[in-house]
file work_32.pdb (PDB, C-alpha atoms)
MODEL        1
ATOM      1  CA  MET A   1      37.849 -17.512  14.880
ATOM      2  CA  SER A   2      38.339 -13.890  13.776
ATOM      3  CA  ASP A   3      41.237 -12.659  11.689
ATOM      4  CA  PRO A   4      43.405 -10.501  13.984
ATOM      5  CA  ILE A   5      44.022  -8.082  11.131
ATOM      6  CA  SER A   6      40.288  -7.576  10.568
ATOM      7  CA  ASP A   7      39.983  -6.518  14.213
ATOM      8  CA  ILE A   8      42.344  -3.565  13.705
ATOM      9  CA  PRO A   9      40.392  -0.320  13.141
ATOM     10  CA  ALA A  10      40.878   0.988   9.600
ATOM     11  CA  GLY A  11      43.002   4.114   9.510
ATOM     12  CA  SER A  12      44.345   3.608  13.024
ATOM     13  CA  VAL A  13      48.016   3.883  13.952
ATOM     14  CA  HIS A  14      48.141   0.077  14.175
ATOM     15  CA  ASP A  15      46.523  -0.296  10.757
ATOM     16  CA  ARG A  16      48.943   2.050   9.030
ATOM     17  CA  ALA A  17      51.989   0.703  10.856
ATOM     18  CA  LEU A  18      51.099  -2.854   9.883
ATOM     19  CA  ALA A  19      50.416  -1.839   6.296
ATOM     20  CA  ALA A  20      53.816  -0.127   6.131
ATOM     21  CA  TYR A  21      55.632  -3.264   7.340
ATOM     22  CA  LEU A  22      53.642  -5.701   5.200
ATOM     23  CA  GLY A  23      54.003  -3.274   2.300
ATOM     24  CA  LEU A  24      57.763  -3.411   2.737
ATOM     25  CA  ALA A  25      57.744  -7.226   2.645
ATOM     26  CA  ILE A  26      55.382  -7.360  -0.339
ATOM     27  CA  GLY A  27      57.466  -4.890  -2.327
ATOM     28  CA  ASP A  28      60.555  -6.905  -1.437
ATOM     29  CA  ALA A  29      59.005 -10.222  -2.526
ATOM     30  CA  LEU A  30      57.590  -8.756  -5.731
ATOM     31  CA  GLY A  31      60.754  -6.898  -6.664
ATOM     32  CA  ALA A  32      63.128  -9.784  -5.964
ATOM     33  CA  THR A  33      61.898 -11.566  -9.100
ATOM     34  CA  VAL A  34      63.164  -8.790 -11.368
ATOM     35  CA  GLU A  35      66.176  -7.582  -9.398
ATOM     36  CA  PHE A  36      69.109  -6.660 -11.673
ATOM     37  CA  MET A  37      66.931  -6.841 -14.795
ATOM     38  CA  THR A  38      66.454  -3.840 -17.070
ATOM     39  CA  PRO A  39      62.991  -2.409 -17.788
ATOM     40  CA  ARG A  40      63.274  -3.726 -21.336
ATOM     41  CA  GLU A  41      64.111  -7.236 -20.131
ATOM     42  CA  ILE A  42      61.167  -7.137 -17.734
ATOM     43  CA  ARG A  43      58.778  -6.078 -20.484
ATOM     44  CA  HIS A  44      60.081  -8.809 -22.773
ATOM     45  CA  GLN A  45      59.614 -11.537 -20.149
ATOM     46  CA  TYR A  46      56.523 -10.386 -18.247
ATOM     47  CA  GLN A  47      55.037  -7.429 -20.141
ATOM     48  CA  VAL A  48      54.193  -6.072 -16.670
ATOM     49  CA  HIS A  49      55.515  -7.863 -13.594
ATOM     50  CA  ASP A  50      52.767  -7.773 -10.973
ATOM     51  CA  GLN A  51      52.659 -11.247  -9.392
ATOM     52  CA  ILE A  52      54.597 -12.588  -6.396
ATOM     53  CA  ILE A  53      56.092 -15.659  -8.030
ATOM     54  CA  GLY A  54      59.619 -15.930  -6.630
ATOM     55  CA  GLY A  55      62.488 -16.869  -8.890
ATOM     56  CA  GLY A  56      64.888 -14.172  -9.983
ATOM     57  CA  TRP A  57      68.640 -14.398  -9.652
ATOM     58  CA  LEU A  58      68.234 -15.666  -6.071
ATOM     59  CA  LYS A  59      65.851 -18.438  -7.239
ATOM     60  CA  LEU A  60      63.477 -17.713  -4.385
ATOM     61  CA  PRO A  61      60.348 -19.721  -3.611
ATOM     62  CA  ALA A  62      57.164 -17.783  -4.286
ATOM     63  CA  GLY A  63      56.420 -15.428  -1.396
ATOM     64  CA  GLU A  64      59.951 -15.436   0.022
ATOM     65  CA  VAL A  65      61.631 -12.165   0.972
ATOM     66  CA  THR A  66      65.233 -10.947   0.912
ATOM     67  CA  ASP A  67      67.521  -9.089   3.279
ATOM     68  CA  ASP A  68      65.376  -5.952   3.129
ATOM     69  CA  THR A  69      62.733  -7.696   5.217
ATOM     70  CA  THR A  70      64.800 -10.183   7.207
ATOM     71  CA  MET A  71      67.337  -7.596   8.332
ATOM     72  CA  SER A  72      64.445  -5.351   9.374
ATOM     73  CA  LEU A  73      62.908  -8.195  11.352
ATOM     74  CA  ALA A  74      66.247  -8.847  13.074
ATOM     75  CA  LEU A  75      66.497  -5.160  14.004
ATOM     76  CA  GLY A  76      62.927  -5.105  15.260
ATOM     77  CA  GLN A  77      63.391  -8.253  17.320
ATOM     78  CA  ALA A  78      66.450  -6.730  18.979
ATOM     79  CA  ILE A  79      64.361  -3.715  20.006
ATOM     80  CA  VAL A  80      61.625  -6.004  21.333
ATOM     81  CA  ASP A  81      64.084  -8.181  23.263
ATOM     82  CA  ALA A  82      65.729  -5.132  24.851
ATOM     83  CA  GLN A  83      62.324  -3.485  25.432
ATOM     84  CA  GLY A  84      63.740  -0.335  23.942
ATOM     85  CA  TRP A  85      66.737   0.914  22.027
ATOM     86  CA  SER A  86      70.079  -0.831  22.542
ATOM     87  CA  MET A  87      72.615  -0.717  19.731
ATOM     88  CA  PRO A  88      74.621  -3.609  21.253
ATOM     89  CA  HIS A  89      71.483  -5.765  21.086
ATOM     90  CA  VAL A  90      70.981  -4.734  17.458
ATOM     91  CA  ALA A  91      74.599  -5.534  16.617
ATOM     92  CA  GLU A  92      74.355  -9.011  18.101
ATOM     93  CA  ALA A  93      71.057  -9.618  16.310
ATOM     94  CA  TRP A  94      72.666  -8.797  12.976
ATOM     95  CA  VAL A  95      75.614 -11.064  13.719
ATOM     96  CA  GLU A  96      73.187 -13.912  14.359
ATOM     97  CA  TRP A  97      71.219 -12.972  11.251
ATOM     98  CA  MET A  98      74.339 -13.217   9.102
ATOM     99  CA  ARG A  99      75.433 -16.470  10.723
ATOM    100  CA  GLN A 100      72.091 -18.027   9.810
ATOM    101  CA  GLY A 101      72.886 -17.548   6.120
ATOM    102  CA  PRO A 102      70.286 -15.079   4.783
ATOM    103  CA  VAL A 103      69.338 -15.440   1.134
ATOM    104  CA  ASP A 104      71.212 -12.223   0.413
ATOM    105  CA  CYS A 105      73.489  -9.800   2.257
ATOM    106  CA  GLY A 106      74.918  -6.654   0.716
ATOM    107  CA  ASN A 107      78.663  -6.163   0.720
ATOM    108  CA  THR A 108      78.534  -3.028   2.879
ATOM    109  CA  CYS A 109      76.278  -4.693   5.453
ATOM    110  CA  ARG A 110      78.527  -7.749   5.548
ATOM    111  CA  ARG A 111      81.629  -5.618   5.985
ATOM    112  CA  GLY A 112      80.067  -3.658   8.848
ATOM    113  CA  ILE A 113      78.939  -6.785  10.670
ATOM    114  CA  ARG A 114      82.353  -8.369  10.269
ATOM    115  CA  ARG A 115      84.039  -5.190  11.528
ATOM    116  CA  TYR A 116      81.946  -5.388  14.688
ATOM    117  CA  MET A 117      82.759  -9.070  15.102
ATOM    118  CA  GLY A 118      86.434  -8.195  14.882
ATOM    119  CA  ASP A 119      86.750  -5.074  17.023
ATOM    120  CA  GLY A 120      83.390  -4.573  18.749
ATOM    121  CA  SER A 121      82.847  -1.120  17.260
ATOM    122  CA  LEU A 122      79.227  -0.061  16.871
ATOM    123  CA  ALA A 123      79.921   2.429  14.074
ATOM    124  CA  GLY A 124      82.227   2.508  11.126
ATOM    125  CA  PRO A 125      84.217   5.487   9.858
ATOM    126  CA  LEU A 126      82.818   7.946   7.352
ATOM    127  CA  ARG A 127      83.303   6.292   3.957
ATOM    128  CA  GLU A 128      82.588   7.575   0.466
ATOM    129  CA  GLY A 129      81.844   4.001  -0.592
ATOM    130  CA  ASP A 130      79.060   3.570   1.978
ATOM    131  CA  GLY A 131      76.455   5.425  -0.072
ATOM    132  CA  GLY A 132      74.284   2.364  -0.603
ATOM    133  CA  ASN A 133      70.658   1.893   0.455
ATOM    134  CA  GLY A 134      71.186  -0.732   3.188
ATOM    135  CA  ALA A 135      70.618   1.556   6.174
ATOM    136  CA  LEU A 136      67.464   3.018   4.662
ATOM    137  CA  MET A 137      65.927  -0.320   3.702
ATOM    138  CA  ARG A 138      65.863  -1.720   7.267
ATOM    139  CA  ASN A 139      64.917   1.299   9.386
ATOM    140  CA  LEU A 140      61.150   0.790   9.689
ATOM    141  CA  PRO A 141      61.305  -0.941  13.112
ATOM    142  CA  VAL A 142      63.042   2.156  14.487
ATOM    143  CA  VAL A 143      60.218   4.298  13.110
ATOM    144  CA  LEU A 144      57.597   2.126  14.804
ATOM    145  CA  ALA A 145      59.386   1.893  18.148
ATOM    146  CA  THR A 146      59.840   5.676  18.424
ATOM    147  CA  LEU A 147      56.556   7.048  17.107
ATOM    148  CA  GLY A 148      56.103   9.124  20.248
ATOM    149  CA  ASN A 149      59.563  10.703  20.170
ATOM    150  CA  ALA A 150      60.926  12.329  17.021
ATOM    151  CA  ALA A 151      64.314  13.039  18.594
ATOM    152  CA  ALA A 152      64.715   9.385  19.562
ATOM    153  CA  PHE A 153      63.703   8.362  16.037
ATOM    154  CA  GLU A 154      66.494  10.473  14.545
ATOM    155  CA  ARG A 155      69.138   9.401  17.072
ATOM    156  CA  CYS A 156      68.403   5.675  16.793
ATOM    157  CA  SER A 157      68.070   5.824  13.010
ATOM    158  CA  ILE A 158      71.538   7.306  12.679
ATOM    159  CA  GLU A 159      73.020   4.826  15.157
ATOM    160  CA  GLN A 160      71.714   1.821  13.239
ATOM    161  CA  ALA A 161      72.729   3.414   9.937
ATOM    162  CA  HIS A 162      76.327   4.075  10.952
ATOM    163  CA  PHE A 163      76.815   0.479  12.002
ATOM    164  CA  THR A 164      77.246  -0.340   8.311
ATOM    165  CA  HIS A 165      76.644   2.826   6.271
ATOM    166  CA  HIS A 166      78.346   6.007   7.455
ATOM    167  CA  HIS A 167      77.554   8.429   4.650
ATOM    168  CA  PRO A 168      75.775  11.825   4.668
ATOM    169  CA  LEU A 169      73.431  10.957   1.798
ATOM    170  CA  SER A 170      72.466   7.683   3.455
ATOM    171  CA  ASP A 171      71.790   9.556   6.713
ATOM    172  CA  ALA A 172      69.664  12.184   4.978
ATOM    173  CA  ALA A 173      67.597   9.635   3.083
ATOM    174  CA  THR A 174      67.040   7.426   6.122
ATOM    175  CA  LEU A 175      65.730  10.361   8.143
ATOM    176  CA  SER A 176      63.680  11.920   5.364
ATOM    177  CA  LEU A 177      61.820   8.786   4.296
ATOM    178  CA  GLY A 178      61.435   7.753   7.921
ATOM    179  CA  HIS A 179      59.730  11.048   8.683
ATOM    180  CA  MET A 180      57.400  10.507   5.717
ATOM    181  CA  VAL A 181      56.312   7.169   7.156
ATOM    182  CA  ARG A 182      55.893   8.718  10.617
ATOM    183  CA  ASP A 183      53.693  11.430   9.111
ATOM    184  CA  TRP A 184      51.395   8.928   7.409
ATOM    185  CA  ILE A 185      51.093   6.746  10.492
ATOM    186  CA  LEU A 186      50.564   9.548  13.012
ATOM    187  CA  THR A 187      48.919  12.387  11.083
ATOM    188  CA  PRO A 188      47.449  11.023   7.840
ATOM    189  CA  ASP A 189      45.200  14.057   7.398
ATOM    190  CA  THR A 190      48.209  16.322   6.963
ATOM    191  CA  ALA A 191      50.723  13.832   5.578
ATOM    192  CA  ALA A 192      49.650  14.370   1.985
ATOM    193  CA  ARG A 193      50.883  17.935   2.287
ATOM    194  CA  HIS A 194      53.942  17.058   4.339
ATOM    195  CA  MET A 195      55.329  14.388   2.007
ATOM    196  CA  PRO A 196      55.962  16.681  -0.988
ATOM    197  CA  GLU A 197      57.356  19.270   1.412
ATOM    198  CA  ARG A 198      59.742  16.737   2.948
ATOM    199  CA  ALA A 199      60.833  15.595  -0.506
ATOM    200  CA  ALA A 200      61.456  19.206  -1.517
ATOM    201  CA  GLN A 201      63.432  19.839   1.674
ATOM    202  CA  LEU A 202      65.595  16.779   1.021
ATOM    203  CA  VAL A 203      66.375  17.984  -2.503
ATOM    204  CA  ALA A 204      67.002  21.554  -1.299
ATOM    205  CA  HIS A 205      69.586  20.371   1.245
ATOM    206  CA  TYR A 206      71.028  17.624  -0.968
ATOM    207  CA  PRO A 207      70.491  18.499  -4.661
ATOM    208  CA  ALA A 208      71.844  15.094  -5.723
ATOM    209  CA  PHE A 209      68.422  13.662  -4.794
ATOM    210  CA  ARG A 210      66.570  15.748  -7.382
ATOM    211  CA  PHE A 211      64.040  13.403  -8.977
ATOM    212  CA  ASP A 212      62.088  15.747 -11.281
ATOM    213  CA  PRO A 213      62.646  15.068 -14.101
ATOM    214  CA  TYR A 214      63.127  11.438 -13.117
ATOM    215  CA  PRO A 215      66.624  10.259 -14.165
ATOM    216  CA  GLY A 216      65.414   6.671 -14.575
ATOM    217  CA  ARG A 217      68.073   4.874 -12.547
ATOM    218  CA  ALA A 218      67.064   2.414  -9.804
ATOM    219  CA  THR A 219      70.377   0.988  -8.591
ATOM    220  CA  GLY A 220      71.437   0.308  -5.007
ATOM    221  CA  TYR A 221      73.171   3.708  -4.825
ATOM    222  CA  ILE A 222      71.195   5.723  -2.281
ATOM    223  CA  VAL A 223      70.554   8.581  -4.724
ATOM    224  CA  ASP A 224      69.173   6.321  -7.462
ATOM    225  CA  THR A 225      67.050   4.413  -4.946
ATOM    226  CA  VAL A 226      65.515   7.498  -3.386
ATOM    227  CA  GLN A 227      64.875   9.194  -6.718
ATOM    228  CA  THR A 228      62.998   6.119  -7.925
ATOM    229  CA  VAL A 229      60.975   5.700  -4.748
ATOM    230  CA  LEU A 230      59.990   9.366  -4.462
ATOM    231  CA  HIS A 231      59.138   9.607  -8.152
ATOM    232  CA  PHE A 232      56.675   6.741  -8.035
ATOM    233  CA  VAL A 233      55.284   7.332  -4.533
ATOM    234  CA  LEU A 234      54.408  10.914  -5.420
ATOM    235  CA  LYS A 235      53.163   9.989  -8.890
ATOM    236  CA  GLU A 236      51.027   6.952  -7.988
ATOM    237  CA  PRO A 237      48.668   7.367  -5.001
ATOM    238  CA  ASP A 238      47.377   3.790  -5.314
ATOM    239  CA  PHE A 239      49.413   1.171  -3.431
ATOM    240  CA  GLU A 240      49.382  -1.470  -6.161
ATOM    241  CA  ALA A 241      50.088   0.950  -8.995
ATOM    242  CA  CYS A 242      52.973   2.504  -7.062
ATOM    243  CA  VAL A 243      54.695  -0.761  -6.181
ATOM    244  CA  VAL A 244      54.213  -2.290  -9.653
ATOM    245  CA  ALA A 245      55.598   0.805 -11.385
ATOM    246  CA  THR A 246      58.568   0.872  -9.020
ATOM    247  CA  VAL A 247      59.658  -2.750  -9.361
ATOM    248  CA  ASN A 248      59.245  -2.667 -13.126
ATOM    249  CA  ARG A 249      62.189  -0.267 -13.242
ATOM    250  CA  GLY A 250      64.336  -3.303 -12.361
ATOM    251  CA  ASP A 251      67.881  -2.849 -11.015
ATOM    252  CA  ASP A 252      67.671  -2.994  -7.184
ATOM    253  CA  ALA A 253      63.968  -3.773  -7.451
ATOM    254  CA  ASP A 254      63.612  -5.630  -4.156
ATOM    255  CA  THR A 255      64.772  -2.586  -2.200
ATOM    256  CA  THR A 256      63.019   0.089  -4.264
ATOM    257  CA  GLY A 257      59.879  -2.061  -4.140
ATOM    258  CA  ALA A 258      60.207  -2.523  -0.382
ATOM    259  CA  LEU A 259      60.592   1.207   0.251
ATOM    260  CA  ALA A 260      57.767   2.160  -2.088
ATOM    261  CA  GLY A 261      55.600  -0.469  -0.409
ATOM    262  CA  MET A 262      56.535   0.848   3.030
ATOM    263  CA  ILE A 263      55.531   4.441   2.309
ATOM    264  CA  SER A 264      52.495   3.530   0.215
ATOM    265  CA  GLY A 265      51.357   1.049   2.835
ATOM    266  CA  ALA A 266      51.509   3.677   5.567
ATOM    267  CA  ARG A 267      49.542   5.973   3.258
ATOM    268  CA  SER A 268      46.832   3.502   2.235
ATOM    269  CA  GLY A 269      46.459   1.356   5.335
ATOM    270  CA  MET A 270      45.609  -2.325   5.075
ATOM    271  CA  GLN A 271      42.574  -1.660   2.902
ATOM    272  CA  GLY A 272      44.855  -0.546   0.075
ATOM    273  CA  ILE A 273      46.975  -3.715  -0.050
ATOM    274  CA  PRO A 274      45.765  -6.311  -2.579
ATOM    275  CA  ALA A 275      44.533  -9.498  -0.920
ATOM    276  CA  ARG A 276      46.293 -11.646  -3.527
ATOM    277  CA  TRP A 277      49.664 -10.218  -2.476
ATOM    278  CA  LEU A 278      48.987 -10.758   1.215
ATOM    279  CA  LYS A 279      47.984 -14.342   0.470
ATOM    280  CA  ALA A 280      51.106 -14.909  -1.638
ATOM    281  CA  LEU A 281      53.514 -13.627   1.031
ATOM    282  CA  LYS A 282      55.284 -16.372   2.965
ATOM    283  CA  PRO A 283      53.025 -17.108   6.001
ATOM    284  CA  GLN A 284      55.905 -17.129   8.491
ATOM    285  CA  VAL A 285      56.988 -13.678   7.313
ATOM    286  CA  ARG A 286      53.474 -12.276   7.570
ATOM    287  CA  GLN A 287      53.027 -13.734  11.065
ATOM    288  CA  ALA A 288      56.392 -12.411  12.242
ATOM    289  CA  ILE A 289      55.522  -8.937  10.983
ATOM    290  CA  GLU A 290      52.071  -8.947  12.585
ATOM    291  CA  GLN A 291      53.554  -9.942  15.933
ATOM    292  CA  GLN A 292      56.451  -7.513  15.746
ATOM    293  CA  VAL A 293      54.235  -4.558  14.871
ATOM    294  CA  ARG A 294      52.146  -5.194  17.996
ATOM    295  CA  GLN A 295      55.281  -5.442  20.113
ATOM    296  CA  LEU A 296      56.951  -2.328  18.678
ATOM    297  CA  LEU A 297      53.800  -0.265  19.109
ATOM    298  CA  ALA A 298      53.603  -1.416  22.729
ATOM    299  CA  ILE A 299      57.146  -0.108  23.239
ATOM    300  CA  THR A 300      56.393   3.244  21.647
ATOM    301  CA  ALA A 301      53.314   3.592  23.872
ATOM    302  CA  SER A 302      55.184   2.787  27.095
TER     303      SER A 302
ENDMDL
END
call {"tool": "encode", "arguments": {"input": "work_32.pdb", "output": "structure tokens"}}
result
Amino acid sequence: MSDPISDIPAGSVHDRALAAYLGLAIGDALGATVEFMTPREIRHQYQVHDQIIGGGWLKLPAGEVTDDTTMSLALGQAIVDAQGWSMPHVAEAWVEWMRQGPVDCGNTCRRGIRRYMGDGSLAGPLREGDGGNGALMRNLPVVLATLGNAAAFERCSIEQAHFTHHHPLSDAATLSLGHMVRDWILTPDTAARHMPERAAQLVAHYPAFRFDPYPGRATGYIVDTVQTVLHFVLKEPDFEACVVATVNRGDDADTTGALAGMISGARSGMQGIPARWLKALKPQVRQAIEQQVRQLLAITAS
């Protein structure tokens, strides 16, 4: 019996979309081990952390993922169930996700879900304290479901973002990195030129995101997260080198690793993802991603 992944043409939209989603999960699983550690602590314990072994402050089994991946899967499943975009479906999916007791849930995400449970509102007010990376980390299913419509990508991205994170820097980062992934999936021949341009445009409009010289912070604050991801994605063209360098900065390593894996996966395709990491990823997560990518691409093609 053939491997369904091996039947996907290398370099195709399906190949790059799948690599982006599996790259997100791999970066999440790898980074979770060293989340909240400092680079010095990581070097002392691992020299270089490059194996999916679980553990960390969440004491995860090897190959398990965190909210970066599971919240994305909940968002994607809501799109699949509605056969298109429906923020009420997404809201209910996240309520159910939280009720199931995920291994982790950020404070801002939890507050937004609870607000909806209390008053039914699909967006929160503009808040200075909502400048975390939660909206950015989970947006890949929106990218995949709207590949044929850039305007729909931007509208739906902002709708899902404002459910928990209503902040201009969060909005800008979610759109900018989402467009980078779209470029690599749809137009890989020109994406190499577009990605530095998009990064420069983000910094020009929002100078807080300036990442050259790299400030060295990798916290859950959207600025620190994006600076770390862009620094390593632009510096390291190889998928493995990029993700390893990113997670070894520690701090919010599951999310920075997930985002670096997402962009690098879209850039490299499945051929760039190490087989040992695919094998180490929790089988149920890999299967859910493979199925959801097929379903989301069917929606974007309809």
call {"tool": "residues_around", "arguments": {"input": "work_32.pdb", "residues": "Gly23 in chain A", "least_positions_apart": "6", "cutoff": "6 Å", "atoms": "all atoms listed in the file", "output": "PyMOL selection string"}}
result
chain A and resi 261-262+265
call {"tool": "atom_distance", "arguments": {"input": "work_32.pdb", "atom1": "CA of Leu60 in chain A", "atom2": "CA of Arg276 in chain A"}}
result
18.2 Å
call {"tool": "axis_aligned_box", "arguments": {"input": "work_32.pdb", "around": "range 191-201 of chain A", "padding_each_side": "4 Å", "output": "AutoDock Vina command-line options"}}
result
--center_x 56.5 --center_y 16.8 --center_z 2.0 --size_x 21.8 --size_y 14.0 --size_z 15.1
call {"tool": "resolve_selection", "arguments": {"input": "work_32.pdb", "expression": "the PyMOL selection byres ((chain A and resi 183-190) around 9)", "output": "CSV table (one decimal) with C-alpha atoms, in the coordinates of the input"}}
result
chain,number,residue,atom,x,y,z
A,11,GLY,CA,43.0,4.1,9.5
A,12,SER,CA,44.3,3.6,13.0
A,13,VAL,CA,48.0,3.9,14.0
A,14,HIS,CA,48.1,0.1,14.2
A,15,ASP,CA,46.5,-0.3,10.8
A,16,ARG,CA,48.9,2.0,9.0
A,17,ALA,CA,52.0,0.7,10.9
A,20,ALA,CA,53.8,-0.1,6.1
A,147,LEU,CA,56.6,7.0,17.1
A,178,GLY,CA,61.4,7.8,7.9
A,179,HIS,CA,59.7,11.0,8.7
A,180,MET,CA,57.4,10.5,5.7
A,181,VAL,CA,56.3,7.2,7.2
A,182,ARG,CA,55.9,8.7,10.6
A,191,ALA,CA,50.7,13.8,5.6
A,192,ALA,CA,49.6,14.4,2.0
A,193,ARG,CA,50.9,17.9,2.3
A,194,HIS,CA,53.9,17.1,4.3
A,195,MET,CA,55.3,14.4,2.0
A,263,ILE,CA,55.5,4.4,2.3
A,266,ALA,CA,51.5,3.7,5.6
A,267,ARG,CA,49.5,6.0,3.3
A,268,SER,CA,46.8,3.5,2.2
A,269,GLY,CA,46.5,1.4,5.3
call {"tool": "resolve_selection", "arguments": {"input": "work_32.pdb", "expression": "the PyMOL selection byres ((chain A and resi 214) around 8)", "output": "count of residues only"}}
result
9
call {"tool": "closest_residue", "arguments": {"input": "work_32.pdb", "among": "A:Gly84, A:Ser121, A:Thr70, A:Tyr21", "to": "Glu96 in chain A", "atoms": "only C-alpha atoms"}}
result
A:Thr70
call {"tool": "resolve_selection", "arguments": {"input": "work_32.pdb", "expression": "the PyMOL selection byres ((chain A and resi 155) around 12)", "output": "MDAnalysis selection string"}}
result
chainID A and resid 85:87 139 142:143 146 149:154 156:162 171 174:175
call {"tool": "atom_distance", "arguments": {"input": "work_32.pdb", "atom1": "CA of Leu177 in chain A", "atom2": "CA of Val90 in chain A"}}
result
21.0 Å
call {"tool": "closest_residue", "arguments": {"input": "work_32.pdb", "among": "A:Asn248, A:Thr255, A:Ser176, A:Gln47", "to": "Met71 in chain A", "atoms": "all atoms listed in the file"}}
result
A:Thr255
call {"tool": "residues_around", "arguments": {"input": "work_32.pdb", "residues": "Val226 in chain A", "least_positions_apart": "3", "cutoff": "8 Å", "atoms": "all atoms listed in the file", "output": "PyMOL selection string"}}
result
chain A and resi 173+209+222-223+229-230+256
call {"tool": "residues_around", "arguments": {"input": "work_32.pdb", "residues": "Val247 in chain A", "least_positions_apart": "4", "cutoff": "10 Å", "atoms": "only C-alpha atoms", "output": "short mmCIF file (atom, residue, chain, number, x, y, z; two decimals) with C-alpha atoms, in the coordinates of the input"}}
result
data_model
loop_
_atom_site.label_atom_id
_atom_site.label_comp_id
_atom_site.auth_asym_id
_atom_site.auth_seq_id
_atom_site.Cartn_x
_atom_site.Cartn_y
_atom_site.Cartn_z
CA GLY A 27 57.47 -4.89 -2.33
CA ASP A 28 60.56 -6.90 -1.44
CA LEU A 30 57.59 -8.76 -5.73
CA GLY A 31 60.75 -6.90 -6.66
CA ALA A 32 63.13 -9.78 -5.96
CA THR A 33 61.90 -11.57 -9.10
CA VAL A 34 63.16 -8.79 -11.37
CA GLU A 35 66.18 -7.58 -9.40
CA MET A 37 66.93 -6.84 -14.80
CA PRO A 39 62.99 -2.41 -17.79
CA ILE A 42 61.17 -7.14 -17.73
CA VAL A 48 54.19 -6.07 -16.67
CA HIS A 49 55.52 -7.86 -13.59
CA ASP A 50 52.77 -7.77 -10.97
CA ALA A 218 67.06 2.41 -9.80
CA THR A 228 63.00 6.12 -7.92
CA VAL A 229 60.98 5.70 -4.75
CA CYS A 242 52.97 2.50 -7.06
CA VAL A 243 54.70 -0.76 -6.18
CA ASP A 251 67.88 -2.85 -11.02
CA ASP A 252 67.67 -2.99 -7.18
CA ALA A 253 63.97 -3.77 -7.45
CA ASP A 254 63.61 -5.63 -4.16
CA THR A 255 64.77 -2.59 -2.20
CA THR A 256 63.02 0.09 -4.26
CA GLY A 257 59.88 -2.06 -4.14
CA ALA A 258 60.21 -2.52 -0.38
CA ALA A 260 57.77 2.16 -2.09
#
call {"tool": "atom_distance", "arguments": {"input": "work_32.pdb", "atom1": "CA of Pro168 in chain A", "atom2": "CA of Trp97 in chain A"}}
result
26.1 Å
call {"tool": "residues_around", "arguments": {"input": "work_32.pdb", "residues": "range 281-286 of chain A", "least_positions_apart": "2", "cutoff": "6 Å", "atoms": "only C-alpha atoms", "output": "PyMOL selection string"}}
result
chain A and resi 63-64+278-279+288-289
call {"tool": "decode", "arguments": {"input": "work_32.pdb", "residues": "range 286-295 of chain A", "atoms": "N, CA, C and O atoms", "output": "PDB file, in the first residue's frame"}}
result
ATOM      1  N   ARG A 286      -0.195  13.822  13.028  1.00  0.00           N
ATOM      2  CA  ARG A 286       0.193  13.783  11.618  1.00  0.00           C
ATOM      3  C   ARG A 286      -1.002  13.409  10.739  1.00  0.00           C
ATOM      4  O   ARG A 286      -1.244  14.041   9.702  1.00  0.00           O
ATOM      5  N   GLN A 287      -1.766  12.411  11.145  1.00  0.00           N
ATOM      6  CA  GLN A 287      -2.919  11.983  10.348  1.00  0.00           C
ATOM      7  C   GLN A 287      -3.980  13.075  10.267  1.00  0.00           C
ATOM      8  O   GLN A 287      -4.578  13.299   9.203  1.00  0.00           O
ATOM      9  N   ALA A 288      -4.220  13.759  11.380  1.00  0.00           N
ATOM     10  CA  ALA A 288      -5.209  14.837  11.382  1.00  0.00           C
ATOM     11  C   ALA A 288      -4.786  15.959  10.448  1.00  0.00           C
ATOM     12  O   ALA A 288      -5.618  16.534   9.727  1.00  0.00           O
ATOM     13  N   ILE A 289      -3.507  16.277  10.445  1.00  0.00           N
ATOM     14  CA  ILE A 289      -2.998  17.334   9.570  1.00  0.00           C
ATOM     15  C   ILE A 289      -3.106  16.923   8.109  1.00  0.00           C
ATOM     16  O   ILE A 289      -3.552  17.709   7.262  1.00  0.00           O
ATOM     17  N   GLU A 290      -2.717  15.705   7.795  1.00  0.00           N
ATOM     18  CA  GLU A 290      -2.790  15.235   6.404  1.00  0.00           C
ATOM     19  C   GLU A 290      -4.225  15.315   5.885  1.00  0.00           C
ATOM     20  O   GLU A 290      -4.469  15.773   4.757  1.00  0.00           O
ATOM     21  N   GLN A 291      -5.170  14.871   6.700  1.00  0.00           N
ATOM     22  CA  GLN A 291      -6.569  14.911   6.290  1.00  0.00           C
ATOM     23  C   GLN A 291      -7.059  16.338   6.156  1.00  0.00           C
ATOM     24  O   GLN A 291      -7.748  16.682   5.175  1.00  0.00           O
ATOM     25  N   GLN A 292      -6.717  17.186   7.123  1.00  0.00           N
ATOM     26  CA  GLN A 292      -7.236  18.549   7.094  1.00  0.00           C
ATOM     27  C   GLN A 292      -6.665  19.346   5.929  1.00  0.00           C
ATOM     28  O   GLN A 292      -7.381  20.161   5.323  1.00  0.00           O
ATOM     29  N   VAL A 293      -5.419  19.123   5.588  1.00  0.00           N
ATOM     30  CA  VAL A 293      -4.843  19.828   4.440  1.00  0.00           C
ATOM     31  C   VAL A 293      -5.613  19.492   3.164  1.00  0.00           C
ATOM     32  O   VAL A 293      -5.962  20.374   2.380  1.00  0.00           O
ATOM     33  N   ARG A 294      -5.916  18.210   2.960  1.00  0.00           N
ATOM     34  CA  ARG A 294      -6.708  17.823   1.787  1.00  0.00           C
ATOM     35  C   ARG A 294      -8.062  18.528   1.784  1.00  0.00           C
ATOM     36  O   ARG A 294      -8.528  19.020   0.755  1.00  0.00           O
ATOM     37  N   GLN A 295      -8.705  18.571   2.941  1.00  0.00           N
ATOM     38  CA  GLN A 295     -10.032  19.161   3.026  1.00  0.00           C
ATOM     39  C   GLN A 295     -10.001  20.677   2.822  1.00  0.00           C
ATOM     40  O   GLN A 295     -10.879  21.237   2.155  1.00  0.00           O
TER      41      GLN A 295
END
